[in-house]
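> What follows is the file my_file10.txt, containing compact mmCIF, C-alpha atoms:
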# COMPACT_ATOMS: atom_id res chain seq x y z
CA MET A 1066 -44.09 -56.05 156.51
CA PRO A 1067 -44.65 -59.43 154.80
CA LYS A 1068 -43.66 -59.80 151.18
CA LYS A 1069 -46.60 -59.81 148.77
CA VAL A 1070 -46.56 -62.92 146.57
CA ASP A 1071 -48.17 -63.09 143.12
CA HIS A 1072 -49.45 -66.67 143.17
CA GLN A 1073 -50.61 -66.64 139.55
CA GLN A 1074 -47.17 -65.45 138.46
CA ARG A 1075 -45.50 -68.27 140.40
CA ARG A 1076 -47.88 -70.86 138.98
CA THR A 1077 -47.14 -69.57 135.48
CA LEU A 1078 -43.38 -69.65 136.16
CA ILE A 1079 -43.72 -73.29 137.16
CA ALA A 1080 -45.95 -74.11 134.18
CA ASP A 1081 -43.45 -72.47 131.80
CA ALA A 1082 -40.69 -74.60 133.33
CA LEU A 1083 -42.84 -77.70 132.88
CA MET A 1084 -43.35 -76.81 129.21
CA ARG A 1085 -39.61 -76.33 128.66
CA VAL A 1086 -38.87 -79.71 130.25
CA ALA A 1087 -41.61 -81.39 128.19
CA ALA A 1088 -40.51 -79.70 124.94
CA ASP A 1089 -36.80 -80.47 125.48
CA GLN A 1090 -36.91 -83.89 127.14
CA GLY A 1091 -40.39 -85.28 126.61
CA LEU A 1092 -43.29 -85.59 128.97
CA GLU A 1093 -41.86 -88.64 130.70
CA ALA A 1094 -39.08 -86.40 132.06
CA VAL A 1095 -41.62 -84.12 133.76
CA SER A 1096 -41.53 -84.51 137.52
CA LEU A 1097 -41.99 -82.09 140.37
CA ARG A 1098 -38.23 -82.21 141.00
CA HIS A 1099 -37.24 -81.62 137.34
CA VAL A 1100 -39.72 -78.79 136.99
CA ALA A 1101 -38.50 -77.17 140.22
CA THR A 1102 -34.90 -77.31 138.97
CA GLU A 1103 -35.88 -75.80 135.61
CA ALA A 1104 -37.90 -73.04 137.30
CA GLY A 1105 -35.10 -72.29 139.77
CA VAL A 1106 -37.34 -72.88 142.78
CA SER A 1107 -37.57 -75.53 145.47
CA ALA A 1108 -39.50 -78.75 145.01
CA GLY A 1109 -41.51 -77.69 148.06
CA MET A 1110 -42.67 -74.55 146.25
CA VAL A 1111 -43.81 -76.61 143.27
CA GLN A 1112 -45.70 -78.93 145.63
CA HIS A 1113 -47.26 -75.91 147.35
CA TYR A 1114 -48.83 -74.80 144.08
CA PHE A 1115 -49.40 -78.22 142.50
CA GLY A 1116 -50.07 -81.18 144.74
CA THR A 1117 -49.78 -83.69 141.92
CA LYS A 1118 -48.28 -84.02 138.48
CA ASP A 1119 -51.82 -84.09 137.03
CA GLU A 1120 -52.59 -80.68 138.59
CA MET A 1121 -49.37 -79.27 137.21
CA MET A 1122 -50.11 -80.73 133.76
CA ALA A 1123 -53.66 -79.37 133.75
CA PHE A 1124 -52.43 -75.86 134.53
CA ALA A 1125 -49.72 -76.03 131.85
CA LEU A 1126 -52.36 -77.12 129.35
CA ILE A 1127 -54.36 -74.01 130.26
CA VAL A 1128 -51.27 -71.89 129.54
CA VAL A 1129 -50.76 -73.57 126.14
CA ARG A 1130 -54.46 -73.05 125.35
CA GLU A 1131 -54.22 -69.35 126.26
CA ARG A 1132 -51.14 -68.90 124.05
CA SER A 1133 -52.94 -70.59 121.17
CA GLN A 1134 -56.00 -68.40 121.64
CA ILE A 1135 -53.84 -65.28 121.56
CA ARG A 1136 -52.18 -66.41 118.30
CA VAL A 1137 -55.56 -67.17 116.71
CA THR A 1138 -57.10 -63.90 117.90
CA GLU A 1139 -54.19 -61.86 116.54
CA ALA A 1140 -54.20 -63.70 113.20
CA VAL A 1141 -57.97 -63.33 112.77
CA ALA A 1142 -57.84 -59.63 113.74
CA GLY A 1143 -55.54 -59.09 110.77
CA LEU A 1144 -58.29 -60.24 108.41
CA GLY A 1145 -60.58 -57.30 109.09
CA GLU A 1146 -64.32 -57.53 109.57
CA ASN A 1147 -66.36 -60.40 108.14
CA PRO A 1148 -63.63 -62.43 106.41
CA PRO A 1149 -64.79 -65.19 104.05
CA PRO A 1150 -65.35 -68.45 105.98
CA ARG A 1151 -62.62 -70.36 104.09
CA LEU A 1152 -60.05 -67.65 104.80
CA LEU A 1153 -61.14 -67.49 108.44
CA LEU A 1154 -60.70 -71.25 108.88
CA ARG A 1155 -57.37 -71.32 107.07
CA THR A 1156 -56.06 -68.44 109.19
CA MET A 1157 -57.21 -70.04 112.44
CA ILE A 1158 -55.78 -73.45 111.63
CA ALA A 1159 -52.49 -72.01 110.35
CA ALA A 1160 -52.17 -70.08 113.62
CA LEU A 1161 -52.58 -73.34 115.54
CA LEU A 1162 -50.11 -75.38 113.46
CA PRO A 1163 -46.47 -75.62 114.64
CA LEU A 1164 -45.08 -73.78 111.61
CA ASP A 1165 -42.12 -72.03 113.27
CA GLU A 1166 -39.77 -72.60 116.20
CA HIS A 1167 -41.93 -70.74 118.74
CA THR A 1168 -45.10 -72.62 117.82
CA ARG A 1169 -43.18 -75.91 117.57
CA ASP A 1170 -42.34 -75.69 121.29
CA ASP A 1171 -46.03 -75.24 122.14
CA GLY A 1172 -46.89 -77.96 119.62
CA ARG A 1173 -44.52 -80.46 121.24
CA VAL A 1174 -46.04 -79.75 124.62
CA ALA A 1175 -49.60 -80.01 123.27
CA LEU A 1176 -48.77 -83.32 121.60
CA ALA A 1177 -47.25 -84.58 124.84
CA PHE A 1178 -50.44 -83.62 126.66
CA LEU A 1179 -52.56 -85.47 124.12
CA ALA A 1180 -50.47 -88.58 124.70
CA TYR A 1181 -50.68 -88.04 128.46
CA THR A 1182 -54.47 -87.75 128.38
CA ALA A 1183 -54.72 -90.86 126.18
CA VAL A 1184 -53.62 -92.91 129.19
CA ARG A 1185 -55.21 -90.58 131.79
CA PRO A 1186 -58.59 -89.51 130.35
CA SER A 1187 -59.55 -88.00 133.71
CA ALA A 1188 -56.85 -85.37 133.19
CA ALA A 1189 -58.53 -83.95 130.07
CA PRO A 1190 -62.12 -82.81 130.66
CA SER A 1191 -61.35 -79.27 129.45
CA LEU A 1192 -59.62 -80.67 126.37
CA ARG A 1193 -62.75 -82.61 125.42
CA GLU A 1194 -64.89 -79.50 125.89
CA ASP A 1195 -62.51 -77.37 123.79
CA THR A 1196 -62.53 -79.98 121.02
CA ALA A 1197 -66.34 -80.14 120.99
CA GLN A 1198 -66.63 -76.34 120.86
CA PHE A 1199 -64.05 -75.98 118.09
CA THR A 1200 -65.67 -78.75 116.05
CA ALA A 1201 -69.08 -77.10 116.40
CA PHE A 1202 -67.62 -73.72 115.38
CA ILE A 1203 -65.95 -75.22 112.30
CA ALA A 1204 -69.19 -76.98 111.33
CA SER A 1205 -71.11 -73.72 111.69
CA ILE A 1206 -69.04 -71.99 109.02
CA LEU A 1207 -68.63 -74.88 106.58
CA PRO A 1208 -70.90 -74.66 103.53
CA THR A 1209 -72.41 -78.03 104.48
CA ASN A 1210 -72.70 -77.24 108.22
CA ASP A 1211 -71.53 -80.84 108.66
CA ALA A 1212 -70.10 -82.02 112.00
CA ALA A 1213 -68.32 -85.00 110.38
CA SER A 1214 -66.50 -82.74 107.91
CA ALA A 1215 -65.57 -80.41 110.77
CA ALA A 1216 -64.20 -83.34 112.76
CA GLY A 1217 -62.23 -84.43 109.69
CA LEU A 1218 -60.72 -80.96 109.30
CA LEU A 1219 -59.77 -80.91 112.98
CA ALA A 1220 -58.21 -84.38 112.62
CA LEU A 1221 -56.28 -83.15 109.58
CA MET A 1222 -54.97 -80.23 111.62
CA GLU A 1223 -53.80 -82.56 114.40
CA GLY A 1224 -52.18 -84.93 111.90
CA LEU A 1225 -50.41 -82.08 110.13
CA GLY A 1226 -49.15 -80.91 113.50
CA VAL A 1227 -47.66 -84.34 114.20
CA TYR A 1228 -46.02 -84.46 110.75
CA LEU A 1229 -44.61 -80.95 111.19
CA LEU A 1230 -43.21 -81.80 114.62
CA GLY A 1231 -41.72 -85.04 113.32
CA GLY A 1232 -40.12 -83.34 110.33
CA GLN A 1233 -42.06 -85.38 107.76
CA TYR A 1234 -43.69 -82.20 106.38
CA THR A 1235 -42.40 -78.72 105.82
CA ALA A 1236 -44.61 -75.73 106.61
CA GLU A 1237 -45.29 -75.34 102.88
CA GLN A 1238 -46.35 -78.99 102.51
CA ALA A 1239 -48.64 -78.75 105.52
CA LEU A 1240 -50.31 -75.58 104.25
CA ASP A 1241 -50.70 -77.14 100.78
CA ALA A 1242 -52.45 -80.13 102.37
CA LEU A 1243 -54.67 -77.78 104.39
CA ASP A 1244 -55.53 -75.80 101.27
CA ALA A 1245 -56.38 -78.97 99.36
CA GLN A 1246 -58.81 -80.04 102.09
CA LEU A 1247 -60.36 -76.58 102.29
CA ASP A 1248 -60.74 -76.61 98.50
CA LEU A 1249 -62.73 -79.84 98.80
CA LEU A 1250 -64.92 -78.43 101.56
CA PHE A 1251 -65.45 -75.00 99.97
CA GLY A 1252 -65.57 -76.03 96.32
CA GLY A 1253 -62.10 -74.85 95.31
CA THR A 1254 -62.55 -71.20 96.29
CA ARG A 1255 -59.08 -70.20 97.49
CA THR A 1256 -58.99 -66.69 98.90
CA THR A 1257 -55.41 -66.42 100.20
CA ASP A 1258 -51.80 -67.24 99.55
CA GLY A 1259 -50.73 -66.23 103.07
CA PRO A 1260 -49.49 -68.35 105.97
Just give me the structure of the file as structure tokens.

Amino acid sequence: MPKKVDHQQRRTLIADALMRVAADQGLEAVSLRHVATEAGVSAGMVQHYFGTKDEMMAFALIVVRERSQIRVTEAVAGLGENPPPRLLLRTMIAALLPLDEHTRDDGRVALAFLAYTAVRPSAAPSLREDTAQFTAFIASILPTNDAASAAGLLALMEGLGVYLLGGQYTAEQALDALDAQLDLLFGGTRTTDGP
């Protein structure tokens, strides 16, 4: 009787290995061979599931996105029903920022993907769509319903992520900067002291 193979599980195993290589050694170290070694599988198996580095990177980006969505969903669920918009935004953005070791690993990988897609725009169509949807959502709950302010808040989040990963900001400094921007957008109506 042939062995039943869980292809999604194998793809995820390979994507997790890719993320460990990228987080530990940088995206330039990611190759089919390095990822295979990290995953403990043959290079042929990696090539069976991912014909190119771009395919492997795209799948790993999906995994990072799913992890981020889970963190945001869990954080927002803790707010109860109908949280104030400012608190909702702060909670979502804080859940996406690399504030601890676990989220720093995902943050390093996400940053590496952003750099990768800067030189390979064809590798990022889903990233562009996600950014457009998140910007529209932010705009929809801002008091001004302003797309430019939403884009600015998203850019602040990305910049804070870079500063956190680089060690220029502590988690407290990043959250203070986020709160200051939210105060500007919501008229100084802080509704939380949490993470």
> List the spatial neighbours of segment 1142-1145 of chain A as a list of chain:residue names - criterion: any atom at most 12 Å away, all atoms listed in the file, same-chain residues fewer than 5 positions off excluded.
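Result of the neighbour search: A:Gln1134, A:Ile1135, A:Arg1136, A:Val1137, A:Pro1150, A:Arg1151, A:Leu1152, A:Leu1153, A:Leu1154, A:Arg1155, A:Thr1156, A:Met1157, A:Ala1160, A:Thr1256, A:Thr1257, A:Gly1259.
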> Mind giving me the straight-line distance from atom CA of Ala1212 of chain A to atom CA of Arg1185 of chain A in Å, one decimal?
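Atom-to-atom, atom CA of Ala1212 of chain A to atom CA of Arg1185 of chain A, that is 26.2 Å.
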> Contacts of Met1222 of chain A at 12 Å or less, counting all atoms listed in the file, minus same-chain residues fewer than 3 places along, as a VMD selection string?
chain A and resid 1154 to 1155 1157 to 1164 1172 1199 to 1200 1215 to 1219 1225 to 1229 1239 to 1240 1242 to 1244 1246 to 1247
> Restricting it to C-alpha atoms, dump the selection as a compact mmCIF listing (two decimals), keeping the file's coordinate frame.

# COMPACT_ATOMS: atom_id res chain seq x y z
CA LEU A 1154 -60.70 -71.25 108.88
CA ARG A 1155 -57.37 -71.32 107.07
CA MET A 1157 -57.21 -70.04 112.44
CA ILE A 1158 -55.78 -73.45 111.63
CA ALA A 1159 -52.49 -72.01 110.35
CA ALA A 1160 -52.17 -70.08 113.62
CA LEU A 1161 -52.58 -73.34 115.54
CA LEU A 1162 -50.11 -75.38 113.46
CA PRO A 1163 -46.47 -75.62 114.64
CA LEU A 1164 -45.08 -73.78 111.61
CA GLY A 1172 -46.89 -77.96 119.62
CA PHE A 1199 -64.05 -75.98 118.09
CA THR A 1200 -65.67 -78.75 116.05
CA ALA A 1215 -65.57 -80.41 110.77
CA ALA A 1216 -64.20 -83.34 112.76
CA GLY A 1217 -62.23 -84.43 109.69
CA LEU A 1218 -60.72 -80.96 109.30
CA LEU A 1219 -59.77 -80.91 112.98
CA LEU A 1225 -50.41 -82.08 110.13
CA GLY A 1226 -49.15 -80.91 113.50
CA VAL A 1227 -47.66 -84.34 114.20
CA TYR A 1228 -46.02 -84.46 110.75
CA LEU A 1229 -44.61 -80.95 111.19
CA ALA A 1239 -48.64 -78.75 105.52
CA LEU A 1240 -50.31 -75.58 104.25
CA ALA A 1242 -52.45 -80.13 102.37
CA LEU A 1243 -54.67 -77.78 104.39
CA ASP A 1244 -55.53 -75.80 101.27
CA GLN A 1246 -58.81 -80.04 102.09
CA LEU A 1247 -60.36 -76.58 102.29
> Can you build me a table of segment 1126-1232 of chain A residues sitting at most 9 Å from segment 1089-1112 of chain A, with the closest atom pair per residue and its distance in Å to one decimal, using all atoms listed in the file, sorted by chain and residue number, as a tab-separated table?

residue	atom	partner	partner_atom	distance
A:Asp1170	CA	A:Asp1089	CA	8.4
A:Arg1173	CA	A:Gly1091	CA	8.3
A:Val1174	CA	A:Leu1092	CA	7.8
A:Ala1177	CA	A:Leu1092	CA	5.8
A:Phe1178	CA	A:Leu1092	CA	7.8
A:Ala1180	CA	A:Leu1092	CA	8.9
A:Tyr1181	CA	A:Leu1092	CA	7.8
> Which residue gives the smallest distance to Arg1169 of chain A among A:Thr1182, A:Ser1133, A:Ser1187, A:Asn1210, with all atoms listed in the file counted?
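Answer, going by the shortest atom-to-atom distance: A:Ser1133.
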> Distance atom CA of Leu1207 of chain A-atom CA of Gly1224 of chain A, one decimal place?
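Pair atom CA of Leu1207 of chain A / atom CA of Gly1224 of chain A returns 20.0 Å.
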> Between A:Ser1214, A:Val1070, A:Glu1237, A:Ala1220, which has the minimum distance to Leu1250 of chain A (counting only C-alpha atoms)?
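Closest residue, counting only C-alpha atoms: A:Ser1214.
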> Taking all atoms listed in the file into account, which of A:Asn1147, A:Gln1073, A:Thr1168, A:Thr1209 comes nearest Phe1251 of chain A?
A:Thr1209
> Mind pulling up the distance from atom CA of Thr1235 of chain A to atom CA of Met1122 of chain A?
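These atoms are spaced 29.1 Å apart.
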> Have segment 1170-1188 of chain A completed to N, CA and C atoms, please, and pass it along as a CSV table (one decimal), keeping the file's coordinate frame.

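Final file, part-v2.csv:
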chain,number,residue,atom,x,y,z
A,1170,ASP,N,-42.5,-75.4,119.9
A,1170,ASP,CA,-42.3,-75.7,121.3
A,1170,ASP,C,-43.7,-75.9,121.9
A,1171,ASP,N,-44.7,-75.0,121.6
A,1171,ASP,CA,-46.0,-75.2,122.1
A,1171,ASP,C,-46.6,-76.5,121.6
A,1172,GLY,N,-46.4,-76.8,120.3
A,1172,GLY,CA,-46.9,-78.0,119.6
A,1172,GLY,C,-46.4,-79.2,120.2
A,1173,ARG,N,-45.1,-79.3,120.6
A,1173,ARG,CA,-44.5,-80.5,121.2
A,1173,ARG,C,-45.2,-80.7,122.6
A,1174,VAL,N,-45.4,-79.6,123.3
A,1174,VAL,CA,-46.0,-79.8,124.6
A,1174,VAL,C,-47.5,-80.2,124.4
A,1175,ALA,N,-48.2,-79.6,123.5
A,1175,ALA,CA,-49.6,-80.0,123.3
A,1175,ALA,C,-49.7,-81.5,122.9
A,1176,LEU,N,-48.8,-81.9,122.0
A,1176,LEU,CA,-48.8,-83.3,121.6
A,1176,LEU,C,-48.5,-84.2,122.8
A,1177,ALA,N,-47.6,-83.8,123.6
A,1177,ALA,CA,-47.2,-84.6,124.8
A,1177,ALA,C,-48.5,-84.7,125.7
A,1178,PHE,N,-49.2,-83.6,125.9
A,1178,PHE,CA,-50.4,-83.6,126.7
A,1178,PHE,C,-51.5,-84.6,126.1
A,1179,LEU,N,-51.6,-84.5,124.8
A,1179,LEU,CA,-52.6,-85.5,124.1
A,1179,LEU,C,-52.2,-86.9,124.4
A,1180,ALA,N,-50.9,-87.2,124.4
A,1180,ALA,CA,-50.5,-88.6,124.7
A,1180,ALA,C,-50.7,-88.9,126.2
A,1181,TYR,N,-50.5,-87.9,127.0
A,1181,TYR,CA,-50.7,-88.0,128.5
A,1181,TYR,C,-52.2,-88.3,128.8
A,1182,THR,N,-53.0,-87.6,128.1
A,1182,THR,CA,-54.5,-87.8,128.4
A,1182,THR,C,-55.0,-89.0,127.7
A,1183,ALA,N,-54.3,-89.6,126.8
A,1183,ALA,CA,-54.7,-90.9,126.2
A,1183,ALA,C,-54.7,-92.0,127.2
A,1184,VAL,N,-53.7,-91.9,128.2
A,1184,VAL,CA,-53.6,-92.9,129.2
A,1184,VAL,C,-54.2,-92.4,130.5
A,1185,ARG,N,-54.6,-91.1,130.6
A,1185,ARG,CA,-55.2,-90.6,131.8
A,1185,ARG,C,-56.4,-89.7,131.4
A,1186,PRO,N,-57.5,-90.3,130.8
A,1186,PRO,CA,-58.6,-89.5,130.4
A,1186,PRO,C,-59.2,-88.6,131.4
A,1187,SER,N,-59.0,-88.9,132.7
A,1187,SER,CA,-59.6,-88.0,133.7
A,1187,SER,C,-58.8,-86.7,133.8
A,1188,ALA,N,-57.6,-86.6,133.2
A,1188,ALA,CA,-56.8,-85.4,133.2
A,1188,ALA,C,-57.3,-84.4,132.1
